[in-house]
Amino acid sequence: MRLTAAICVSFLTIAPIAQKSRPHHRIAKAIATPLSTHDCGHNVTLHLSASDPTQGSLLLLELRSATQTVTEIKATWDNREIPFWQEPKADEKSPGIWRALLGVDLELKPESYPLTLTARAESIEEIPCSATIDVKEGKFATESLKVAPNFVEPNPEQLARAEAERQRLRAIFATITPERLWDGTFHYPLAGVTTGGNFGKRRILNGQAGSPHGGVDFPAPTGTPVYAAQRGRVVLAEPLYFSGNTVVLDHGLGLYTFYGHFESISVQPGDLVDTGAILGKVGATGRVTGPHLHWGATVNRARTDPLQLISLFRTNPQ
């Protein structure tokens, strides 16, 4: 049977639950090859995994301090605060390492954006550091598709529902949980599936221009289990107008993953789920052309390619 991807949209008391899960590997830290390095002085350096990313991409920032004990970092980019987390030191002689994820929104205007950062150290009041990140235009295809008319021209009641849901999602994604809930590598949300497509595609729906596709589509038979890509808290688990039965996980520090078009949902808001926990089953609810999973990632309110979560957090050789 040939599976075809569907149309998707882009775009809160912890109750642990016992669920079936698939095996997964854990690592102590994230690894990305630095492509750009900036000397901040005082033996402090800032590494960026890419200095000229494209629209919709994801960067890993790393601040290393060889001699200073950094106690706090404040950083902003594109008028948004970038939360950092501290990595544990391997030993007393190891440099102090802080990391952060920086998301480049799918529709961010291609131009140069300053990254401003201030690190507080024990022996020095402040260590300022800055870098310029050049955002390049993404190369996204355009396609024409036909869907049910009510998903292109909703009636007033449907339109009001869709707008209310959009505002709810905006409020969710604007909330930054100060704790990092994920631990280790990110995984594909379907077993045995390592490829997905359609991120960033510009859609012509029933002859009308639609919003760019803010996630990755994984065609799969109805009923296929969908797994949590990493540890996180369920902040939404319910039917939405465009994305059908939907689950959103908060992984902390402004990182959210989005799972849409489920046939059924297996979790509830407030559940704290581990990597590989079953979230639900693949379906064809909402605005679709066939059964599939829509998987998205939002980082500090920026819509990014979720596949880059996997490539940025690769397994370390043990």
# chains A, B, ... in the order shown; residues from 1 in each chain; ligands from 1

call {"tool": "residues_around", "arguments": {"residues": "A:Thr222", "least_positions_apart": "5", "cutoff": "6 Å", "atoms": "only C-alpha atoms", "output": "ChimeraX atom specification"}}
result
/A:282-283,291

call {"tool": "residues_around", "arguments": {"residues": "A:Glu179", "least_positions_apart": "5", "cutoff": "12 Å", "atoms": "only C-alpha atoms", "output": "short mmCIF file (atom, residue, chain, number, x, y, z; two decimals) with all heavy atoms, in the first residue's frame"}}
result
data_model
loop_
_atom_site.label_atom_id
_atom_site.label_comp_id
_atom_site.auth_asym_id
_atom_site.auth_seq_id
_atom_site.Cartn_x
_atom_site.Cartn_y
_atom_site.Cartn_z
N PRO A 83 17.58 30.89 26.83
CA PRO A 83 17.96 30.27 28.10
C PRO A 83 19.10 29.26 27.93
O PRO A 83 19.08 28.43 27.01
CB PRO A 83 16.68 29.57 28.55
CG PRO A 83 15.93 29.29 27.30
CD PRO A 83 16.28 30.42 26.35
N PHE A 84 20.11 29.34 28.80
CA PHE A 84 21.24 28.42 28.80
C PHE A 84 21.09 27.41 29.93
O PHE A 84 20.44 27.67 30.94
CB PHE A 84 22.56 29.18 29.00
CG PHE A 84 23.14 29.78 27.75
CD1 PHE A 84 22.54 30.88 27.14
CD2 PHE A 84 24.30 29.26 27.18
CE1 PHE A 84 23.08 31.44 26.00
CE2 PHE A 84 24.84 29.81 26.04
CZ PHE A 84 24.24 30.90 25.44
N TRP A 85 21.69 26.24 29.76
CA TRP A 85 21.81 25.27 30.84
C TRP A 85 23.28 24.92 31.04
O TRP A 85 24.07 25.02 30.11
CB TRP A 85 21.00 24.00 30.56
CG TRP A 85 21.56 23.10 29.49
CD1 TRP A 85 22.46 22.08 29.64
CD2 TRP A 85 21.23 23.12 28.09
NE1 TRP A 85 22.72 21.47 28.44
CE2 TRP A 85 21.98 22.08 27.46
CE3 TRP A 85 20.39 23.92 27.29
CZ2 TRP A 85 21.90 21.82 26.10
CZ3 TRP A 85 20.33 23.65 25.93
CH2 TRP A 85 21.07 22.62 25.35
N GLN A 86 23.62 24.54 32.26
CA GLN A 86 25.02 24.22 32.58
C GLN A 86 25.25 22.72 32.53
O GLN A 86 24.47 21.94 33.08
CB GLN A 86 25.38 24.76 33.98
CG GLN A 86 26.86 24.61 34.33
CD GLN A 86 27.21 25.27 35.65
OE1 GLN A 86 26.33 25.57 36.46
NE2 GLN A 86 28.49 25.49 35.87
N GLY A 232 9.54 14.75 28.57
CA GLY A 232 8.87 16.04 28.62
C GLY A 232 7.53 15.94 29.33
O GLY A 232 7.06 14.85 29.67
N ARG A 233 6.90 17.08 29.51
CA ARG A 233 5.60 17.14 30.17
C ARG A 233 4.53 17.44 29.14
O ARG A 233 4.68 18.35 28.30
CB ARG A 233 5.61 18.23 31.25
CG ARG A 233 4.30 18.33 32.03
CD ARG A 233 4.42 19.34 33.17
NE ARG A 233 5.40 18.89 34.16
CZ ARG A 233 6.51 19.55 34.45
NH1 ARG A 233 6.80 20.68 33.80
NH2 ARG A 233 7.34 19.10 35.36
N ASP A 250 6.29 19.70 26.50
CA ASP A 250 7.20 20.75 26.96
C ASP A 250 8.46 20.06 27.48
O ASP A 250 8.42 19.32 28.46
CB ASP A 250 6.52 21.56 28.08
CG ASP A 250 7.43 22.62 28.69
OD1 ASP A 250 8.54 22.84 28.17
OD2 ASP A 250 7.02 23.22 29.70
N HIS A 251 9.59 20.31 26.81
CA HIS A 251 10.86 19.71 27.22
C HIS A 251 11.68 20.65 28.10
O HIS A 251 12.79 20.32 28.50
CB HIS A 251 11.67 19.31 25.99
CG HIS A 251 10.95 18.35 25.09
ND1 HIS A 251 10.81 17.01 25.39
CD2 HIS A 251 10.30 18.55 23.92
CE1 HIS A 251 10.12 16.42 24.43
NE2 HIS A 251 9.80 17.32 23.53
N GLY A 252 11.14 21.83 28.40
CA GLY A 252 11.84 22.79 29.22
C GLY A 252 12.69 23.74 28.40
O GLY A 252 13.03 23.49 27.24
N LEU A 253 13.03 24.88 29.01
CA LEU A 253 13.89 25.88 28.40
C LEU A 253 13.38 26.37 27.04
O LEU A 253 14.17 26.68 26.14
CB LEU A 253 15.33 25.35 28.26
CG LEU A 253 16.01 24.95 29.58
CD1 LEU A 253 17.44 24.51 29.30
CD2 LEU A 253 16.00 26.09 30.58
N GLY A 254 12.07 26.43 26.87
CA GLY A 254 11.50 26.97 25.65
C GLY A 254 11.39 26.00 24.50
O GLY A 254 11.00 26.40 23.39
N LEU A 255 11.70 24.71 24.72
CA LEU A 255 11.64 23.71 23.65
C LEU A 255 10.37 22.87 23.76
O LEU A 255 10.09 22.27 24.80
CB LEU A 255 12.87 22.79 23.72
CG LEU A 255 12.86 21.55 22.82
CD1 LEU A 255 12.73 21.94 21.35
CD2 LEU A 255 14.11 20.72 23.05
#

call {"tool": "closest_residue", "arguments": {"among": "A:Thr257, A:Asn43, A:Thr298, A:Thr54", "to": "A:Trp182", "atoms": "only C-alpha atoms"}}
result
A:Thr257

call {"tool": "select_by_dssp", "arguments": {"residues": "stretch 115-280 of chain A", "states": "helix (DSSP H, G or I)", "output": "list in words"}}
result
Pro149, Asn150, Phe151, Pro156, Glu157, Gln158, Leu159, Ala160, Arg161, Ala162, Glu163, Ala164, Glu165, Arg166, Gln167, Arg168, Leu169, Arg170, Ala171, Ile172 and Phe173 of chain A

call {"tool": "write_last_selection", "arguments": {"atoms": "N, CA and C atoms", "output": "compact mmCIF listing (two decimals), in the first residue's frame"}}
result
# COMPACT_ATOMS: atom_id res chain seq x y z
N PRO A 149 -13.20 21.66 1.66
CA PRO A 149 -13.40 23.12 1.62
C PRO A 149 -13.43 23.80 2.99
N ASN A 150 -13.96 23.11 4.02
CA ASN A 150 -14.06 23.75 5.35
C ASN A 150 -12.71 24.00 5.99
N PHE A 151 -11.63 23.37 5.46
CA PHE A 151 -10.29 23.61 6.00
C PHE A 151 -9.56 24.73 5.25
N PRO A 156 -17.90 30.86 10.12
CA PRO A 156 -17.55 31.72 11.26
C PRO A 156 -17.29 30.96 12.56
N GLU A 157 -18.08 29.93 12.86
CA GLU A 157 -17.89 29.16 14.09
C GLU A 157 -16.56 28.40 14.05
N GLN A 158 -16.26 27.78 12.91
CA GLN A 158 -15.00 27.05 12.76
C GLN A 158 -13.81 28.00 12.80
N LEU A 159 -13.97 29.15 12.18
CA LEU A 159 -12.89 30.13 12.17
C LEU A 159 -12.60 30.63 13.58
N ALA A 160 -13.64 30.89 14.37
CA ALA A 160 -13.46 31.34 15.74
C ALA A 160 -12.76 30.26 16.57
N ARG A 161 -13.13 28.98 16.36
CA ARG A 161 -12.47 27.89 17.08
C ARG A 161 -11.00 27.82 16.72
N ALA A 162 -10.70 27.87 15.42
CA ALA A 162 -9.32 27.77 14.97
C ALA A 162 -8.47 28.92 15.51
N GLU A 163 -9.03 30.12 15.54
CA GLU A 163 -8.28 31.27 16.05
C GLU A 163 -8.03 31.14 17.54
N ALA A 164 -9.03 30.68 18.29
CA ALA A 164 -8.85 30.49 19.74
C ALA A 164 -7.76 29.45 20.01
N GLU A 165 -7.72 28.38 19.21
CA GLU A 165 -6.70 27.35 19.38
C GLU A 165 -5.32 27.89 19.02
N ARG A 166 -5.27 28.72 17.99
CA ARG A 166 -3.98 29.31 17.60
C ARG A 166 -3.43 30.18 18.73
N GLN A 167 -4.29 30.95 19.37
CA GLN A 167 -3.86 31.80 20.47
C GLN A 167 -3.41 30.96 21.67
N ARG A 168 -4.08 29.85 21.93
CA ARG A 168 -3.67 28.94 23.01
C ARG A 168 -2.27 28.40 22.75
N LEU A 169 -2.02 27.99 21.52
CA LEU A 169 -0.70 27.45 21.19
C LEU A 169 0.37 28.53 21.31
N ARG A 170 0.05 29.74 20.89
CA ARG A 170 1.00 30.84 21.01
C ARG A 170 1.37 31.06 22.48
N ALA A 171 0.36 31.01 23.37
CA ALA A 171 0.61 31.21 24.80
C ALA A 171 1.44 30.06 25.37
N ILE A 172 1.18 28.83 24.92
CA ILE A 172 1.98 27.69 25.37
C ILE A 172 3.43 27.85 24.96
N PHE A 173 3.65 28.14 23.69
CA PHE A 173 5.02 28.22 23.18
C PHE A 173 5.78 29.42 23.74

call {"tool": "select_by_dssp", "arguments": {"residues": "stretch 12-196 of chain A", "states": "strand (DSSP E)", "output": "ChimeraX atom specification"}}
result
/A:36-41,44-48,58-65,70-77,80-81,84-87,96-103,112-121,127-134,142-145

call {"tool": "closest_residue", "arguments": {"among": "A:Pro225, A:Pro239, A:Gly197, A:Gly192", "to": "A:Ala277", "atoms": "only C-alpha atoms"}}
result
A:Pro225

call {"tool": "residues_around", "arguments": {"residues": "A:Gly280", "least_positions_apart": "5", "cutoff": "10 Å", "atoms": "only C-alpha atoms", "output": "compact mmCIF listing (two decimals) with N, CA, C and O atoms, in the first residue's frame"}}
result
# COMPACT_ATOMS: atom_id res chain seq x y z
N GLY A 223 -3.05 3.69 13.17
CA GLY A 223 -2.83 2.81 14.32
C GLY A 223 -1.38 2.62 14.69
O GLY A 223 -1.08 2.00 15.72
N THR A 224 -0.45 3.14 13.88
CA THR A 224 0.97 3.04 14.20
C THR A 224 1.28 3.80 15.48
O THR A 224 0.89 4.96 15.61
N PRO A 225 1.99 3.18 16.45
CA PRO A 225 2.29 3.89 17.70
C PRO A 225 3.20 5.09 17.45
O PRO A 225 4.11 5.05 16.62
N VAL A 226 2.93 6.18 18.18
CA VAL A 226 3.75 7.39 18.13
C VAL A 226 4.44 7.54 19.48
O VAL A 226 3.80 7.45 20.52
N TYR A 227 5.76 7.75 19.45
CA TYR A 227 6.56 7.79 20.67
C TYR A 227 7.07 9.20 20.96
O TYR A 227 7.32 9.99 20.04
N ALA A 228 7.25 9.50 22.25
CA ALA A 228 7.84 10.77 22.66
C ALA A 228 9.29 10.82 22.20
O ALA A 228 10.07 9.90 22.47
N ALA A 237 -3.26 17.82 25.03
CA ALA A 237 -3.62 16.51 24.49
C ALA A 237 -5.12 16.51 24.20
O ALA A 237 -5.94 16.15 25.05
N ASN A 245 -6.40 15.32 16.40
CA ASN A 245 -5.98 14.90 17.73
C ASN A 245 -4.50 15.20 17.89
O ASN A 245 -3.65 14.67 17.17
N THR A 246 -4.18 16.06 18.87
CA THR A 246 -2.85 16.66 18.96
C THR A 246 -2.27 16.51 20.36
O THR A 246 -2.99 16.61 21.35
N VAL A 247 -0.95 16.28 20.42
CA VAL A 247 -0.21 16.25 21.67
C VAL A 247 0.95 17.22 21.57
O VAL A 247 1.64 17.25 20.54
N TYR A 259 2.85 16.94 18.01
CA TYR A 259 2.50 15.69 17.32
C TYR A 259 1.03 15.79 16.91
O TYR A 259 0.15 15.94 17.77
N GLY A 260 0.75 15.71 15.61
CA GLY A 260 -0.60 15.94 15.15
C GLY A 260 -1.21 14.82 14.32
O GLY A 260 -0.52 13.93 13.82
N HIS A 261 -2.56 14.87 14.21
CA HIS A 261 -3.38 13.99 13.38
C HIS A 261 -3.55 12.58 13.93
O HIS A 261 -3.78 11.64 13.18
N PHE A 262 -3.42 12.42 15.26
CA PHE A 262 -3.57 11.09 15.87
C PHE A 262 -4.97 10.51 15.62
O PHE A 262 -5.96 11.22 15.58
N GLU A 263 -5.01 9.18 15.53
CA GLU A 263 -6.28 8.47 15.58
C GLU A 263 -6.81 8.49 17.02
O GLU A 263 -8.00 8.70 17.25
N SER A 264 -5.89 8.24 17.99
CA SER A 264 -6.24 8.27 19.40
C SER A 264 -5.06 8.77 20.21
O SER A 264 -3.92 8.66 19.78
N ILE A 265 -5.34 9.33 21.38
CA ILE A 265 -4.33 9.90 22.27
C ILE A 265 -4.24 9.05 23.53
O ILE A 265 -5.27 8.65 24.09
N SER A 266 -3.00 8.78 23.99
CA SER A 266 -2.79 7.90 25.14
C SER A 266 -2.31 8.62 26.39
O SER A 266 -2.02 7.97 27.40
N VAL A 267 -2.17 9.94 26.34
CA VAL A 267 -1.66 10.71 27.48
C VAL A 267 -2.62 11.82 27.85
O VAL A 267 -3.56 12.11 27.09

call {"tool": "residues_around", "arguments": {"residues": "stretch 65-75 of chain A", "least_positions_apart": "6", "cutoff": "12 Å", "atoms": "only C-alpha atoms", "output": "number ranges by chain"}}
result
A: 39-47, 81-87, 89, 92-102, 114-131

call {"tool": "atom_distance", "arguments": {"atom1": "atom CA of A:Ala297", "atom2": "atom CA of A:Leu63"}}
result
23.6 Å

call {"tool": "residues_around", "arguments": {"residues": "A:Gly138", "least_positions_apart": "2", "cutoff": "7 Å", "atoms": "only C-alpha atoms", "output": "PyMOL selection string"}}
result
chain A and resi 54-55+136+140

call {"tool": "atom_distance", "arguments": {"atom1": "atom CA of A:His292", "atom2": "atom CA of A:Ser243"}}
result
11.1 Å
